[in-house]
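First up is the structure itself, then whatever we jot down about it.
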Amino acid sequence: MKICIVTDIEGVAGVVSHADHSFPTGKYYGDSKRLLTGEVNAAVEGLLAEGIEEVLVIDGHGPGAIQFEELHPRALLLHGRPITYRQMVEPMWEYDAVALVGQHARAGVRYGNQNHTMDSANVDWMKLNDRLIGETAIVALIAGARHIPLIFLSGDEAACEEAREDVPGIWTVAVKKGISTNVEIALSAQASREKIREEISGAVRSHREKPVPPLQWPSPYRLEIRWKSTQQADLFEHQWDGERVDDQTVAFSSAEIMDVLFYRNRSGRSDRSECNEVSQRDSPLFRKAAVDLVVR
Ligand SMILES: [Zn+2]
């Protein structure tokens, strides 16, 4: 079995504040990268202990946050910026299962430390088919689009709770509890790593015994994004031909899950040619915004 670990940073024990820890300009960003890499290495060890043959680590946090030289010698690393959605997503589809390390809760969860959805500066919330979703459900649905299950998550308690609600069968482990968006009660770095090592092994054993189903929601799909500013809503409406729902909300609809997660409208849009869509999708502005959105 081959497993892909997708990383984020806000759910790592000790990485507590957006400004100081999770933004590359933060005064503790270097520490955050080491803490993340330590948790990732623990996850790799736990997977190898269960006989997993190959582990790909996808460096998922905004500007990239894995300390290359400190990464486990048996892990492969997908990293580099700028990166497009496709470049980040398609390698994941070559693996048998996906695990999340360092994940946070969706935007608007009070006790979720550094809670946000995709773009902490601009997104108020995202809803898929009228249900609020966060990054955990998004990753699970992307993997599920190719029948691959999300089997494990580590992060704060709120992220774990959200994962268990959104991804039936997932195995979760909390390394901290959010008190607010910039305050946490955390396990030590050492204790967090030990817990992740043990629990991801448990997740693999459990998945072998009773496989976690890939997350697949019934089609058709409608993704609504509520932006914090009308300017972002304007941009998404015009650049991606989104449907303007209200002053701050833009929607994307399609029968295909990957279309809406890539911000492409396919259903009820017969007025627009496939040719236009391709040129729009491949435009530099699209790529830039896709990068901004996927990785913060
Ligand atoms: Zn994130």
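Chain identifiers are assigned as A, B, and so on, following the order in which chains appear in the structure tokens; residues are numbered from 1 within each chain, and ligands are numbered from 1 in order of appearance.
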For A:Ile133, work out the shell of residues within 12 Å, counting only C-alpha atoms and skipping chain neighbours fewer than 2 positions away, then give it as a JSON list (two decimals) with N, CA and C atoms, in the first residue's frame.
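Written out: out.json:
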```json
[["chain", "number", "residue", "atom", "x", "y", "z"],
["A", 105, "ALA", "N", -9.67, 23.60, 11.78],
["A", 105, "ALA", "CA", -11.12, 23.58, 11.51],
["A", 105, "ALA", "C", -11.49, 24.62, 10.45],
["A", 106, "ARG", "N", -12.70, 24.48, 9.92],
["A", 106, "ARG", "CA", -13.18, 25.40, 8.90],
["A", 106, "ARG", "C", -13.45, 26.79, 9.49],
["A", 107, "ALA", "N", -13.53, 27.78, 8.62],
["A", 107, "ALA", "CA", -13.78, 29.16, 9.03],
["A", 107, "ALA", "C", -15.05, 29.26, 9.85],
["A", 108, "GLY", "N", -14.98, 30.00, 10.95],
["A", 108, "GLY", "CA", -16.19, 30.28, 11.73],
["A", 108, "GLY", "C", -16.40, 29.36, 12.91],
["A", 109, "VAL", "N", -15.47, 28.43, 13.16],
["A", 109, "VAL", "CA", -15.58, 27.55, 14.32],
["A", 109, "VAL", "C", -14.82, 28.21, 15.48],
["A", 116, "HIS", "N", -10.05, 28.58, 9.50],
["A", 116, "HIS", "CA", -10.25, 29.26, 8.22],
["A", 116, "HIS", "C", -10.56, 28.22, 7.15],
["A", 117, "THR", "N", -11.00, 28.69, 6.00],
["A", 117, "THR", "CA", -11.26, 27.79, 4.88],
["A", 117, "THR", "C", -10.50, 28.29, 3.67],
["A", 118, "MET", "N", -9.47, 27.58, 3.28],
["A", 118, "MET", "CA", -8.65, 27.82, 2.09],
["A", 118, "MET", "C", -7.87, 29.13, 2.12],
["A", 123, "VAL", "N", -11.87, 34.41, 2.58],
["A", 123, "VAL", "CA", -13.08, 33.57, 2.55],
["A", 123, "VAL", "C", -13.80, 33.60, 3.90],
["A", 124, "ASP", "N", -15.09, 33.96, 3.85],
["A", 124, "ASP", "CA", -15.91, 33.95, 5.06],
["A", 124, "ASP", "C", -16.39, 32.53, 5.34],
["A", 125, "TRP", "N", -16.93, 31.86, 4.30],
["A", 125, "TRP", "CA", -17.28, 30.44, 4.41],
["A", 125, "TRP", "C", -17.44, 29.84, 3.02],
["A", 126, "MET", "N", -17.43, 28.51, 2.98],
["A", 126, "MET", "CA", -17.76, 27.78, 1.76],
["A", 126, "MET", "C", -18.85, 26.78, 2.08],
["A", 127, "LYS", "N", -19.81, 26.65, 1.15],
["A", 127, "LYS", "CA", -20.86, 25.66, 1.30],
["A", 127, "LYS", "C", -20.90, 24.80, 0.04],
["A", 128, "LEU", "N", -20.98, 23.50, 0.24],
["A", 128, "LEU", "CA", -21.19, 22.61, -0.89],
["A", 128, "LEU", "C", -22.57, 21.97, -0.70],
["A", 129, "ASN", "N", -23.42, 22.16, -1.69],
["A", 129, "ASN", "CA", -24.80, 21.65, -1.62],
["A", 129, "ASN", "C", -25.44, 22.04, -0.28],
["A", 130, "ASP", "N", -25.30, 23.33, 0.06],
["A", 130, "ASP", "CA", -25.92, 23.93, 1.24],
["A", 130, "ASP", "C", -25.31, 23.50, 2.57],
["A", 131, "ARG", "N", -24.21, 22.77, 2.54],
["A", 131, "ARG", "CA", -23.58, 22.33, 3.79],
["A", 131, "ARG", "C", -22.22, 23.02, 3.92],
["A", 135, "GLU", "N", -11.50, 22.52, 4.79],
["A", 135, "GLU", "CA", -10.45, 21.92, 3.96],
["A", 135, "GLU", "C", -10.42, 20.39, 4.06],
["A", 136, "THR", "N", -10.83, 19.87, 5.22],
["A", 136, "THR", "CA", -10.82, 18.41, 5.38],
["A", 136, "THR", "C", -11.79, 17.76, 4.41],
["A", 137, "ALA", "N", -13.02, 18.28, 4.34],
["A", 137, "ALA", "CA", -14.00, 17.72, 3.40],
["A", 137, "ALA", "C", -13.52, 17.94, 1.96],
["A", 138, "ILE", "N", -12.90, 19.08, 1.70],
["A", 138, "ILE", "CA", -12.43, 19.35, 0.33],
["A", 138, "ILE", "C", -11.37, 18.33, -0.09],
["A", 139, "VAL", "N", -10.40, 18.08, 0.79],
["A", 139, "VAL", "CA", -9.37, 17.08, 0.45],
["A", 139, "VAL", "C", -10.00, 15.70, 0.32],
["A", 140, "ALA", "N", -10.93, 15.38, 1.22],
["A", 140, "ALA", "CA", -11.58, 14.06, 1.17],
["A", 140, "ALA", "C", -12.37, 13.89, -0.14],
["A", 141, "LEU", "N", -13.01, 14.96, -0.60],
["A", 141, "LEU", "CA", -13.79, 14.88, -1.84],
["A", 141, "LEU", "C", -12.88, 14.80, -3.07],
["A", 159, "ALA", "N", -10.78, 20.43, 14.61],
["A", 159, "ALA", "CA", -10.54, 19.82, 13.30],
["A", 159, "ALA", "C", -10.92, 18.35, 13.32],
["A", 162, "GLU", "N", -14.76, 18.04, 13.31],
["A", 162, "GLU", "CA", -15.26, 18.31, 11.96],
["A", 162, "GLU", "C", -15.01, 17.12, 11.02],
["A", 163, "ALA", "N", -13.83, 16.53, 11.12],
["A", 163, "ALA", "CA", -13.48, 15.40, 10.25],
["A", 163, "ALA", "C", -14.41, 14.22, 10.51],
["A", 165, "GLU", "N", -17.41, 14.30, 11.58],
["A", 165, "GLU", "CA", -18.74, 14.61, 11.05],
["A", 165, "GLU", "C", -18.78, 14.49, 9.54],
["A", 166, "ASP", "N", -17.72, 14.96, 8.88],
["A", 166, "ASP", "CA", -17.77, 15.07, 7.41],
["A", 166, "ASP", "C", -17.25, 13.83, 6.69],
["A", 167, "VAL", "N", -16.38, 13.07, 7.33],
["A", 167, "VAL", "CA", -15.72, 11.94, 6.64],
["A", 167, "VAL", "C", -15.95, 10.66, 7.45],
["A", 223, "LEU", "N", -21.16, 24.76, -5.37],
["A", 223, "LEU", "CA", -20.24, 25.31, -4.36],
["A", 223, "LEU", "C", -20.50, 26.80, -4.24],
["A", 224, "GLU", "N", -20.81, 27.25, -3.02],
["A", 224, "GLU", "CA", -20.99, 28.68, -2.78],
["A", 224, "GLU", "C", -19.83, 29.19, -1.95],
["A", 225, "ILE", "N", -19.27, 30.31, -2.35],
["A", 225, "ILE", "CA", -18.19, 30.92, -1.57],
["A", 225, "ILE", "C", -18.63, 32.31, -1.14],
["A", 226, "ARG", "N", -18.69, 32.50, 0.16],
["A", 226, "ARG", "CA", -18.99, 33.81, 0.73],
["A", 226, "ARG", "C", -17.65, 34.51, 1.00],
["A", 261, "LEU", "N", -14.83, 22.21, -7.50],
["A", 261, "LEU", "CA", -13.67, 22.46, -6.64],
["A", 261, "LEU", "C", -12.56, 23.21, -7.40]]
```
Just list as a VMD selection string whatever in stretch 122-274 of chain A DSSP marks as alpha helix (DSSP H).
chain A and resid 135 to 144 157 to 166 189 to 209 230 to 239 257 to 261 274
Which residues sit within 8 Å of ligand 1, counting only C-alpha atoms and all ligand atoms, listed as a list in words?
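Every residue with an atom at most 8 Å from ligand 1 is listed here: Asp8, Ile9, Glu10, Gly60, His61, Gly62, Gln103, His104, His116, Thr117, Met118, Asp119, Glu135, Val295 and Arg296 of chain A.
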task: Measuring atom to atom with only C-alpha atoms, identify which of A:Ile179, A:Ile196, A:Ile142, A:Val101 is nearest to A:Asp259.
output: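 Of A:Ile179, A:Ile196, A:Ile142, A:Val101, the one nearest A:Asp259, counting only C-alpha atoms, is A:Ile142.
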Counting only C-alpha atoms, which residues in stretch 208-268 of chain A sit no more than 12 Å from stretch 85-96 of chain A? For each one, give the nearest pair of atoms and the distance in Å, sorted by chain then residue number, as a tab-separated table.
```
residue	atom	partner	partner_atom	distance
A:Arg208	CA	A:Asp96	CA	11.6
A:Pro211	CA	A:Asp96	CA	11.2
A:Val212	CA	A:Asp96	CA	11.3
A:Pro213	CA	A:Asp96	CA	11.8
A:Pro214	CA	A:Asp96	CA	10.5
A:Met258	CA	A:Val89	CA	10.3
A:Asp259	CA	A:Tyr85	CA	11.7
A:Leu261	CA	A:Tyr85	CA	9.5
A:Phe262	CA	A:Tyr85	CA	7.5
A:Tyr263	CA	A:Tyr85	CA	10.8
```
Those same residues, written as a CSV table (one decimal), in the first residue's frame with N, CA and C atoms?
```csv
chain,number,residue,atom,x,y,z
A,208,ARG,N,-7.3,-1.5,7.2
A,208,ARG,CA,-7.1,-2.9,6.5
A,208,ARG,C,-8.2,-3.8,6.9
A,211,PRO,N,-12.2,-1.2,5.6
A,211,PRO,CA,-11.8,-0.1,4.8
A,211,PRO,C,-12.7,1.1,5.0
A,212,VAL,N,-12.0,2.3,5.1
A,212,VAL,CA,-12.7,3.6,5.1
A,212,VAL,C,-13.3,3.8,3.7
A,213,PRO,N,-14.6,4.2,3.5
A,213,PRO,CA,-15.1,4.4,2.2
A,213,PRO,C,-14.6,5.8,1.7
A,214,PRO,N,-14.3,5.9,0.4
A,214,PRO,CA,-13.9,7.2,-0.2
A,214,PRO,C,-15.1,8.1,0.0
A,258,MET,N,-15.0,17.7,-9.4
A,258,MET,CA,-13.8,18.4,-9.6
A,258,MET,C,-14.0,19.7,-10.3
A,259,ASP,N,-15.1,19.8,-11.1
A,259,ASP,CA,-15.4,21.1,-11.7
A,259,ASP,C,-15.6,22.2,-10.7
A,261,LEU,N,-14.8,22.2,-7.5
A,261,LEU,CA,-13.7,22.5,-6.6
A,261,LEU,C,-12.6,23.2,-7.4
A,262,PHE,N,-12.6,23.2,-8.7
A,262,PHE,CA,-11.7,23.9,-9.6
A,262,PHE,C,-12.3,25.3,-10.0
A,263,TYR,N,-13.5,25.6,-9.5
A,263,TYR,CA,-14.3,26.8,-9.9
A,263,TYR,C,-14.6,26.8,-11.4
```
Of A:Ser229, A:Thr37, A:Ser32, A:Ser253, the one nearest to A:Arg193 when counting only C-alpha atoms is A:Thr37
Quick one: residues within 10 Å of A:Arg205, only C-alpha atoms, excluding same-chain residues fewer than 5 positions away - as a PyMOL selection string? chain A and resi 47+50+199-200+210-211
Practice item. Provide the atom CA of A:Pro149 to atom CA of A:Met1 distance in Å, to one decimal place. Key: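 Here the two named atoms are 12.6 Å from each other.
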**Message:** Can you pull out the residues contacting A:Gly46? Cut-off 10 Å, using only C-alpha atoms, and skip same-chain residues under 3 positions away; I want them as a list in words.
**Reply:**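 So, after excluding close chain neighbours, the residues are Val40, Asn41, Ala42, Ala43, Ala49, Glu50, Gly51, Ile52, Arg193, Glu194, Lys195, Ile196, Arg197, Glu198, Glu199, Ile200, Ser201, Gly202, Ala203 and Val204 of chain A.
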Expected file contents, prior selection, N, CA and C atoms, as a PDB file, in the first residue's frame:
```pdb
ATOM      1  N   VAL A  40       5.172  15.366  10.873  1.00  0.00           N
ATOM      2  CA  VAL A  40       5.112  14.598   9.621  1.00  0.00           C
ATOM      3  C   VAL A  40       6.033  13.377   9.720  1.00  0.00           C
ATOM      4  N   ASN A  41       7.232  13.566  10.247  1.00  0.00           N
ATOM      5  CA  ASN A  41       8.155  12.438  10.377  1.00  0.00           C
ATOM      6  C   ASN A  41       7.576  11.350  11.276  1.00  0.00           C
ATOM      7  N   ALA A  42       6.896  11.766  12.341  1.00  0.00           N
ATOM      8  CA  ALA A  42       6.258  10.784  13.228  1.00  0.00           C
ATOM      9  C   ALA A  42       5.201   9.990  12.457  1.00  0.00           C
ATOM     10  N   ALA A  43       4.439  10.686  11.611  1.00  0.00           N
ATOM     11  CA  ALA A  43       3.424  10.001  10.806  1.00  0.00           C
ATOM     12  C   ALA A  43       4.086   9.024   9.830  1.00  0.00           C
ATOM     13  N   ALA A  49       6.035   1.534   9.997  1.00  0.00           N
ATOM     14  CA  ALA A  49       5.918   0.453  10.982  1.00  0.00           C
ATOM     15  C   ALA A  49       4.814  -0.523  10.605  1.00  0.00           C
ATOM     16  N   GLU A  50       3.856  -0.060   9.826  1.00  0.00           N
ATOM     17  CA  GLU A  50       2.756  -0.933   9.379  1.00  0.00           C
ATOM     18  C   GLU A  50       3.027  -1.512   7.989  1.00  0.00           C
ATOM     19  N   GLY A  51       4.233  -1.333   7.489  1.00  0.00           N
ATOM     20  CA  GLY A  51       4.584  -1.943   6.203  1.00  0.00           C
ATOM     21  C   GLY A  51       4.165  -1.153   4.976  1.00  0.00           C
ATOM     22  N   ILE A  52       3.822   0.125   5.155  1.00  0.00           N
ATOM     23  CA  ILE A  52       3.493   0.960   3.985  1.00  0.00           C
ATOM     24  C   ILE A  52       4.761   1.117   3.141  1.00  0.00           C
ATOM     25  N   ARG A 193       4.173  14.017  18.766  1.00  0.00           N
ATOM     26  CA  ARG A 193       4.774  13.103  17.781  1.00  0.00           C
ATOM     27  C   ARG A 193       4.521  11.644  18.149  1.00  0.00           C
ATOM     28  N   GLU A 194       4.682  11.334  19.442  1.00  0.00           N
ATOM     29  CA  GLU A 194       4.441   9.944  19.866  1.00  0.00           C
ATOM     30  C   GLU A 194       3.011   9.529  19.578  1.00  0.00           C
ATOM     31  N   LYS A 195       2.097  10.455  19.874  1.00  0.00           N
ATOM     32  CA  LYS A 195       0.673  10.151  19.672  1.00  0.00           C
ATOM     33  C   LYS A 195       0.367   9.944  18.183  1.00  0.00           C
ATOM     34  N   ILE A 196       0.913  10.812  17.343  1.00  0.00           N
ATOM     35  CA  ILE A 196       0.669  10.692  15.897  1.00  0.00           C
ATOM     36  C   ILE A 196       1.244   9.372  15.363  1.00  0.00           C
ATOM     37  N   ARG A 197       2.460   9.030  15.814  1.00  0.00           N
ATOM     38  CA  ARG A 197       3.106   7.783  15.361  1.00  0.00           C
ATOM     39  C   ARG A 197       2.224   6.590  15.682  1.00  0.00           C
ATOM     40  N   GLU A 198       1.747   6.529  16.914  1.00  0.00           N
ATOM     41  CA  GLU A 198       0.917   5.395  17.345  1.00  0.00           C
ATOM     42  C   GLU A 198      -0.433   5.372  16.640  1.00  0.00           C
ATOM     43  N   GLU A 199      -1.060   6.558  16.566  1.00  0.00           N
ATOM     44  CA  GLU A 199      -2.442   6.596  16.068  1.00  0.00           C
ATOM     45  C   GLU A 199      -2.509   6.368  14.559  1.00  0.00           C
ATOM     46  N   ILE A 200      -1.504   6.814  13.811  1.00  0.00           N
ATOM     47  CA  ILE A 200      -1.587   6.583  12.359  1.00  0.00           C
ATOM     48  C   ILE A 200      -1.367   5.095  12.065  1.00  0.00           C
ATOM     49  N   SER A 201      -0.575   4.435  12.898  1.00  0.00           N
ATOM     50  CA  SER A 201      -0.446   2.974  12.768  1.00  0.00           C
ATOM     51  C   SER A 201      -1.810   2.324  13.012  1.00  0.00           C
ATOM     52  N   GLY A 202      -2.502   2.799  14.046  1.00  0.00           N
ATOM     53  CA  GLY A 202      -3.839   2.282  14.342  1.00  0.00           C
ATOM     54  C   GLY A 202      -4.797   2.528  13.186  1.00  0.00           C
ATOM     55  N   ALA A 203      -4.667   3.689  12.551  1.00  0.00           N
ATOM     56  CA  ALA A 203      -5.549   4.019  11.422  1.00  0.00           C
ATOM     57  C   ALA A 203      -5.333   3.047  10.271  1.00  0.00           C
ATOM     58  N   VAL A 204      -4.077   2.694  10.003  1.00  0.00           N
ATOM     59  CA  VAL A 204      -3.776   1.760   8.902  1.00  0.00           C
ATOM     60  C   VAL A 204      -4.324   0.370   9.234  1.00  0.00           C
TER      61      VAL A 204
END
```
*asked:* If we count only C-alpha atoms and set the cut-off at 10 Å, which residues sit around A:Gln231, ignoring sequence neighbours fewer than 4 positions away in its own chain? Please answer as a PyMOL selection string.
replied: chain A and resi 122+227+235-237+247-248
Output N, CA and C atoms for every residue in the selection just made, as a PDB file, in the first residue's frame.
```pdb
ATOM      1  N   ASN A 122      -9.555  36.062   2.895  1.00  0.00           N
ATOM      2  CA  ASN A 122     -10.669  36.474   2.027  1.00  0.00           C
ATOM      3  C   ASN A 122     -11.956  35.666   2.125  1.00  0.00           C
ATOM      4  N   TRP A 227     -17.417  35.613   0.296  1.00  0.00           N
ATOM      5  CA  TRP A 227     -16.164  36.356   0.434  1.00  0.00           C
ATOM      6  C   TRP A 227     -16.301  37.416   1.512  1.00  0.00           C
ATOM      7  N   LEU A 235     -14.309  39.663  -8.479  1.00  0.00           N
ATOM      8  CA  LEU A 235     -13.248  38.968  -9.209  1.00  0.00           C
ATOM      9  C   LEU A 235     -13.703  37.571  -9.609  1.00  0.00           C
ATOM     10  N   PHE A 236     -14.268  36.858  -8.647  1.00  0.00           N
ATOM     11  CA  PHE A 236     -14.672  35.483  -8.935  1.00  0.00           C
ATOM     12  C   PHE A 236     -15.869  35.422  -9.864  1.00  0.00           C
ATOM     13  N   GLU A 237     -16.758  36.361  -9.745  1.00  0.00           N
ATOM     14  CA  GLU A 237     -17.906  36.375 -10.658  1.00  0.00           C
ATOM     15  C   GLU A 237     -17.431  36.562 -12.089  1.00  0.00           C
ATOM     16  N   ASP A 247     -24.304  40.106  -2.778  1.00  0.00           N
ATOM     17  CA  ASP A 247     -23.169  41.020  -2.881  1.00  0.00           C
ATOM     18  C   ASP A 247     -21.821  40.340  -2.621  1.00  0.00           C
ATOM     19  N   GLN A 248     -21.800  39.397  -1.679  1.00  0.00           N
ATOM     20  CA  GLN A 248     -20.515  38.799  -1.287  1.00  0.00           C
ATOM     21  C   GLN A 248     -20.375  37.326  -1.655  1.00  0.00           C
TER      22      GLN A 248
END
```
Expressed in Å, the length from atom CA of A:Glu69 to atom CA of A:Val175 is 24.1 Å
For a quick check of understanding, using only C-alpha atoms, which of A:Asp241, A:Asp156, A:Glu70, A:Glu53 has the smallest distance to A:Thr181?
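Of all the options, A:Asp156 lies closest to A:Thr181.
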Practice task
Using DSSP on the backbone coordinates, identify all residues within stretch 7-140 of chain A classified as strand (DSSP E or B); present the result as a list in words.
Solution key: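 Here are the strand (DSSP E or B) residues of stretch 7-140 of chain A: Thr7, Glu54, Val55, Leu56, Val57, Ile58, Ala75, Leu76, Leu77, Leu78, Ala97, Val98, Ala99, Leu100, Val101, Gly102, Gln103, Val123, Asp124, Trp125, Met126, Lys127, Leu128, Arg131, Leu132 and Ile133 of chain A.
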Computed gap from atom CA of A:Leu56 to atom CA of A:Arg74 is 9.3 Å
- Task: Write out as a PyMOL selection string the residues lying within 9 Å of stretch 17-26 of chain A, counting only C-alpha atoms and excluding same-chain residues fewer than 2 positions away.
- Result: chain A and resi 9-10+14-15+28-33+61-65+113-114+181-183
